[in-house]
Each structure stands twice: as structure tokens, then as C-alpha cells.
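Peer 1: This is the structure I want to talk about, given as C-alpha cells.
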Amino acid sequence: MLRIFYSEGILSCKSANLVKIYKSFCGFSHNSWTQNSMFVDRGQILGVDYDATDYISRLRECTFKKSIGEVKRIHYEMKSSGFDYLSFGNKLIDAYLKCGGIDEARNVFDEMPRRHIVTWNSLISAYIHSHRNEEALELYQKMLPEGVIPDEFTFSSVLKVFLNMGLPHEGRKAHGRLICLGLEVKNVFVGSALVNMYSSFGNLKNARLVLDQIVQKDVVLFTSLIVGCTQNGEDSEALEVFVNMINEGIKANEFTVASVLIASGNLAALCTGKVIHGMMIKFGFESVVASQTSLLTMYSKCGMADDSMKVFSQVVNPNLVTWTAVIAGLVQNSREAHALEMFCRMIRSSVNPNAFTISTVLRACSGLTALQEGNQIHAHTIKTGLDVSRFVVSALLDFYGKCGTIEMAKCIFDSLNEPDIVSINSMIYGYAQNGLGHEAIGLFDQITDWGLQPNETSFVCVLSACTNCGLLEEGKRIFSFLCSNSICGPTRDHYACMIDLLGRAGRLKEAEHLITQVKQPDLVLWRTLLSACKIHGDVEITKRAEKVVRENELVDEGTCVLISNIYASTGNWHEADKMKALMRQMKFKKGPGLSRVEVKWEKHNLVAGQESCLR
DNA sequence: GTAGGGTTAG
């Protein structure tokens with residue numbers, strides 16, 4: 001073994017020169033020596049070692065082959081031959097990490113007396129990619145006490161830890177440290193990580209401030225903010241940021257396009273969506289699966305189910321997400337039967353559903369009250385273990401509640417160790433739909449026992465239960481609780497429930513008074529009141545409601561039919577005729593009423609005016 | 001030798 005160490009005196013020597021000196025000394029040919037086998041740190045040559053050449057080239061081979069076993073063998077050889085392998089610990093760690101041996105890498109790391117910043121960063125990054133946030137944080141917190149100052153590489157990855165662990169305060173502290181180190185505005189990688197962290201914590205203002213300060217902005221930085229906006233429901237702002245990016249001369253890529261398509265879909269902005277579709281074609285992202293998925297979602301959210309299907313038909317290899325997106329799009333557009341067909345096609349093409357897919361397909365079953373299909377899907381979730389997913393649970397509760405098999409819903413609900421608020425809401429709504437008002441109220445009152453708070457939906461569900469079961473006093477109690485607490489104010493839906501409850505109970509004047517408390521009452525509220533007028537034959541309030549609805553140009557087909565029916569049922573034929581004339585004038589045509597039932601696993605549509613095949 | 005952004009669901 002030939003070993004030469006240089007420490008003092010030669011540090012100012014250029015590494016290339018040293019290589020030349022070394023080569024001439026050993027008589028090596030030009031190709032047999034690489035700089036990798038020298039102890040070089042930031043341009044300073046600490047030493048060279050003959051054996052290292054061999055070890056390093058073998059380690060490099062392992063990283064290509066991803067063979068952790070081979071890395072372990074080399075590690076053992078280095079150690080047992082008495083070789084100073086810890087001086088090459090960074091190479092060994094690098095090889096271990098590239099082969100997925102994170103714990104082995106950590107062991108080497110812990111043995112090393114001095115570690116290079118790159119080694120720290122590599123290990124932190126590997127921990128984050130393996131979702132081992134606690135260990136990444138522990139390492140980051142050890143850096144300063146060990147005299148290692150985190151750099152821009154450290155921050156660009158470690159900020160994600162604060163996000164993943166829900167530590168906004170720590171994230172802000174790290175941002176402060178970045179400012180102290182003067183790294184804040186210089187590095188666009190750090191900028192994107194900060195934008196991502198702030199927007200995921202719901203702090204769009206800070207995300208925007210960070211973006212504005214970055215000197216050399218790039219497409220990733222802008223995309224981070226666009227995504228942040230869409231995830232915080234600020235879709236218009238997402239589109240504004242996109243326009244700013246284009247104006248700054250930065251070209252969109254497939255990531256950006258996918259994000260702005262989501263924003264367009266959420267806004268149901270078909271024209272914008274089409275422009276972006278055009279850009280997709282122009283830039284050549286037309287065949288990127290994720291972009292295609294966003295595109296078809298945009299079309300379905302804009303109500304263009306056929307266009308969505310057309311996009312889907314052009315996807316060469318639809319993945320699970322694409323299949324789920326197209327199924328969800330069909331459900332959103334009330335094409336549940338088609339959605340189930342597509343689900344079957346998905347299964348036939350050997351794509352296995354996940355919790356997203358199952359909850360979507362269960363929604364289709366709920367819409368069709370397709371008990372048999374839903375049961376099959378439930379069985380599938382038990383077999384595959386997907387039944388523990390909270391999304392699947394709430395979809396199952398909705399499904400069984402909707403199909404009238406409330407015992408099944410209760411059975412699932414009771415089996416939950418820790419129900420979340422969405423499952424509880426689904427169960428309350430299930431009770432509401434099945435006329436079990438007291439059970440619904442009982443469960444609502446129990447929410448705080450689980451250490452949870454009722455949310456907006458909880459109130460809608462429990463008030464619906466009161467309405468369906470005619471529980472006026474209980475409904476009033478819950479509504480006044482809603483108005484007095486600070487969890488959420490009454491929304492339009494809450495008013496609608498309350499107006500419905502009062503109206504059905506014959507308290508029409510109180511219901512009418514409640515509408516006047518709403519800032520801009522919409523047609524849903526007026527129709528709720530009118531429905532109550534129909535039950536109780538109240539022509540006086542009908543006339544007042546009709547006047548407001550027509551003055552505010554809120555009137556639609558269903559409302560006209562409702563008003564006309566109220567007049568007809570109370571013998572006000574003249575008023576009823578006037579309403580029908582208005583409908584003709586507005587070219588409204590009433591479609592036949594339709595009910596769907598399932599008898600002995602057979603589905604039947606019962607259409608008003610048509611003879612039924614059911615006897 | 002180490003770093004940042006995208007597709008589906010209640």
C-alpha cells in the first residue's frame with residue numbers, strides 16, 4: 001500500500017499540479033489516475049491514497065447497479081483492511097444513499113469525525129424523501145452546535161420538514177436565519193421552498209412577498225405560487241400570477257399548465273381553460289399524462305363532460321389518477337351510470353382502484369341508489385384494506401344512508417375508533433335522510449365528546465334532520481347556538497334549512513322574516529319559502545315572494561312551475577294561467593317527473609305519465 | 001457530491 005499525505009506547506013499548490021507531481025512520482029500512465037482518489041476539500045489537497053482509486057470506482061459501479069449488498073461488502077473490506085475509510089465517508093454515504101441504504105449511511109455519518117456540509121445535506125434530503133421528517137429535523141438542529149453552518153442546499157430541502165410536520169413557527173425561524181445569512185433573495189431554490197411552505201400553511205401574503213423579492217425568478221418559483229393560490233381557493237389570483245409570469249418573459253412548462261388548468265376548472269372559466277388547452281398543444285405538452293388529467297378535469301368542472309371524455313380518449317396510457325379523474329368528472333356531471341361503466345373498464349385494464357377511486361365510485365352508486373354495486377364495492381374495500389380510509393368511510397356512510405340501509409351505516413360508524421368530523425357529518429346526514437331526527441341530534445350533541453368542533457356542514461346536516469322530522473324547537477335551539485358561537489356564522493345553507501323547517505311547520509311569517517335577515521337572498525331561499533307556501537296554501541306570501549323573485553330576475557323554470565301549482569291548488573286559476581303564460585314567453589318546458597327504484601336487483605325508472613312495468 | 005413546483009376524492 002502506497003500512501004502519501006500532504007498537509008501543511010502544499011495547500012497552496014494547485015490540485016492539477018499536485019496530480020502531475022504525484023503521477024511522475026509513481027510513474028502512472030495518464031489514465032490510471034483520477035482526482036477522486038485524492039483527499040481534496042474546497043480546492044485544498046489533503047492527501048492521496050493509492051487504494052482509494054479502486055474503492056471509489058467500485059462504489060461508483062454499485063450506485064449504477066443500485067446494489068446495496070455490494071456497497072456493504074466494499075464497506076467491510078475498507079474497514080477490515082485497516083484503510084482510513086472514514087476519510088472517504090462521504091463517498092460511502094453517497095453510495096449507500098443512492099442504493100436506498102439510509103440507515104447504513106447514517107451509521108457511517110455518525111462514525112465520521114468531520115463531515116462535509118454536502119454529506120449533511122445529502123442525508124437530510126434522503127430523510128425527507130423517505131418521509132422521515134423527525135430524523136431530518138434532528139440532523140438540521142445538530143448542524144450549528146457542531147459548527148456547521150446550513151447553506152442554501154440545506155434550507156431548500158429542510159423547509160419541507162417544517163411543512164410536513166406542521167411547524168409554521170419553526171419555518172418562520174428558519175426564514176429569519178436565511179435572512180441573517182443573506183441567502184433569502186439570492187437563491188431561487190430556497191425561494192420556491194419558502195413559497196411552497198408559506199402557501200401550504202395558508203399564508204399566501206408571505207408567499208407572494210418572498211416571490212417578489214427573489215432576484216432571478218424562474219418557472220418553478222412562479223408555479224409554486226400558482227399551486228399555492230389554487231390550494232387556498234384563490235383561483236383568480238392563480239391566473240393573475242400566471243399572467244405576470246408570462247409578462248416577465250418566463251415560459252410555462254407542463255407543471256405550470258397543469259396548475260392553471262385546475263384554477264380555470266375551479267372557476268368554471270371555460271374560455272381561459274380553452275386558451276390554456278391551446279398553449280398546451282403549442283408547447284407540446286399535449287401528451288403529458290398529468291397535464292391531460294388536469295385538462296379533462298377542467299372540462300368536466302366546466303360542465304363539458306363530452307369534451308372531457310374526448311380528452312380521455314386521447315390519453316394513450318391512462319394511469320390510476322387519470323381514470324379516477326374521468327370517473328369523478330362523469331359523477332359531477334350527473335352521468336353516474338357512465339361513471340360505473342368507466343370504472344368497470346378501468347378494472348378490466350388491470351388498473352387497481354385506490355381510496356380516491358372508491359370514494360368517487362361510491363358517490364356514483366349513491367346517485368343511482370345502486371345498492372348491489374355499492375355492496376360489491378364495499379366488499380372490495382374490505383378485501384383490499386381500503387375500508388379504513390377516511391374518504392372511503394364517509395363515502396360508504398353517505399352511500400348506505402342514501403340507500404336507506406341506515407343500520408349498515410351505523411355498523412360502519414360504530415366500528416370507527418376515532419371518527420373524524422366528516423364521518424360524523426355523514427352519519428348525521430344519514431340519520432336525517434332516514435327520518436331519525438333524535439339520533440341525528442344526539443350524535444351532533446356528542447361531537448365535542450370526541451374533542452372535535454362541529455363545522456358548517458355539521459350544522460347543515462343536523463338542521464336538515466330537524467326539518468325532515470319536524471323537530472321545530474330543537475332546530476331553533478341549534479340555529480340560535482349557531483348564531484351565538486364563534487365557530488362559523490350562519491351561511492345561506494343554514495338559513496335555507498331554517499326557512500324550510502319554519503315553513504314546513506307552518507310558521508310562514510317567521511320564515512319570511514328570516515329571509516329578510518339574509519343580505520342577498522338567492523333563489524334557493526325563495527323556493528324553499530315557496531315550497532312551504534305550497535304545503536300550507538299561503539297565497540299571500542306566494543304573491544310577495546313572486547314579486548321579489550321576478551323583480552330581481554331570479555326566476556327559473558322550477559320556480560315558475562312551483563308558483564303556478566300553488567295558485568292552481570288554491571283555486572287561483574287566473575294567477576296560475578298568468579304564470580303559465582310567462583313560462584311560454586320564457587320558452588320554459590317542463591320535463592316529466594322521474595323516480596328511480598331498484599326491485600329484486602332490477603332497476604326501474606318511473607316516469608310521470610308513463611305506464612310502469614312494476615305491478 | 002447535496003436543493004425547489006404538477007394530475008384524482010369527503
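Letters for chains follow the order of the C-alpha cells (A, B, ...), residue numbers begin at 1 for each chain, and ligand numbers begin at 1 in the order shown.
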Please report, as JSON, numbers by chain, each residue of range 204-238 of chain A to which DSSP assigns alpha helix (DSSP H) when run on this structure's backbone.
Peer 2: {"A": [204, 205, 206, 207, 208, 209, 210, 211, 212, 213, 219, 220, 221, 222, 223, 224, 225, 226, 227, 228, 229, 230, 231, 235, 236, 237, 238]}
Peer 1: Filtering to C-alpha atoms, could you give me those residues as an mmCIF file, in the first residue's frame?
Peer 2:
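Final output, saved to again06.cif:
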```
data_model
loop_
_atom_site.group_PDB
_atom_site.id
_atom_site.type_symbol
_atom_site.label_atom_id
_atom_site.label_comp_id
_atom_site.auth_asym_id
_atom_site.auth_seq_id
_atom_site.Cartn_x
_atom_site.Cartn_y
_atom_site.Cartn_z
ATOM 1 C CA LEU A 204 -50.338 33.482 0.692
ATOM 2 C CA LYS A 205 -49.309 37.001 1.628
ATOM 3 C CA ASN A 206 -45.853 35.885 2.775
ATOM 4 C CA ALA A 207 -45.547 33.512 -0.201
ATOM 5 C CA ARG A 208 -46.151 36.440 -2.516
ATOM 6 C CA LEU A 209 -43.679 38.664 -0.628
ATOM 7 C CA VAL A 210 -40.974 36.016 -0.953
ATOM 8 C CA LEU A 211 -41.595 35.657 -4.695
ATOM 9 C CA ASP A 212 -41.404 39.418 -5.227
ATOM 10 C CA GLN A 213 -38.012 39.584 -3.514
ATOM 11 C CA VAL A 219 -40.775 28.933 -13.811
ATOM 12 C CA VAL A 220 -40.643 26.684 -10.712
ATOM 13 C CA LEU A 221 -40.870 29.681 -8.396
ATOM 14 C CA PHE A 222 -43.946 31.007 -10.198
ATOM 15 C CA THR A 223 -45.542 27.563 -10.398
ATOM 16 C CA SER A 224 -45.106 27.160 -6.643
ATOM 17 C CA LEU A 225 -47.133 30.318 -6.061
ATOM 18 C CA ILE A 226 -49.766 29.352 -8.660
ATOM 19 C CA VAL A 227 -50.231 25.992 -6.938
ATOM 20 C CA GLY A 228 -50.347 27.739 -3.560
ATOM 21 C CA CYS A 229 -53.136 30.009 -4.801
ATOM 22 C CA THR A 230 -55.254 27.136 -6.152
ATOM 23 C CA GLN A 231 -54.783 25.167 -2.932
ATOM 24 C CA ASP A 235 -58.050 30.607 -8.319
ATOM 25 C CA SER A 236 -58.388 34.071 -9.858
ATOM 26 C CA GLU A 237 -55.144 35.081 -8.206
ATOM 27 C CA ALA A 238 -53.515 31.929 -9.576
#
```
Peer 1: Could you check which of A:Lys72, A:Ala290, A:Ala136, A:Gly101 is closest to DT7 in chain B, using only C-alpha atoms (C1' of nucleotides)?
Peer 2: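 For DT7 in chain B, the nearest of the given residues is A:Ala290.
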Peer 1: Can you tell me which residues surround DA9 in chain B at a distance of at most 10 Å, considering only C-alpha atoms (C1' of nucleotides), apart from same-chain residues fewer than 5 positions away, and format the answer as a list in words?
Peer 2: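 The contact residues come out as Thr324, Ala325, Ala328, Asn354, Ala355, Phe356, Thr357, Ile358, Ser359, Thr360, Val361, Arg363, Phe391, Val392 and Ala395 of chain A.
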Peer 1: Which of these residues is nearest to chain B, using only C-alpha atoms (C1' of nucleotides): A:Pro318, A:Gly437, A:Gly100, A:Gly489?
Peer 2: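 So, comparing all the options, the nearest one is A:Pro318.
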Peer 1: Which of these, A:Ser389, A:Ser313, A:Ser350, A:Gln216, has the shortest distance to chain B once you count only C-alpha atoms (C1' of nucleotides)?
Peer 2: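 That would be A:Ser389, the residue with the smallest distance to chain B.
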Peer 1: May I have the residues within 12 Å of Asn352 in chain A as a ChimeraX atom specification, using only C-alpha atoms (C1' of nucleotides) and disregarding those fewer than 5 positions away in the same chain?
Peer 2: /A:319-321,323-324,343-347,357-358,380-381,384,386
Peer 1: Report, in Å to a single decimal, how far apart CA of Trp526 in chain A and CA of Asp556 in chain A are.
Peer 2: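 Separation between CA of Asp556 in chain A and CA of Trp526 in chain A: 11.5 Å.
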Peer 1: Please identify all polymer residues within 12 Å of Ile149 in chain A, counting only C-alpha atoms (C1' of nucleotides), omitting same-chain residues fewer than 2 positions from it, and present them as a list in words.
Peer 2: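 Contacts, with the query itself left out: Arg115, His116, Ile117, Val118, Trp120, Asn121, Tyr140, Gln141, Lys142, Met143, Leu144, Pro145, Glu146, Gly147, Asp151, Glu152, Phe153, Thr154, Phe155, Arg177, Leu178, Cys180 and Leu181 of chain A.
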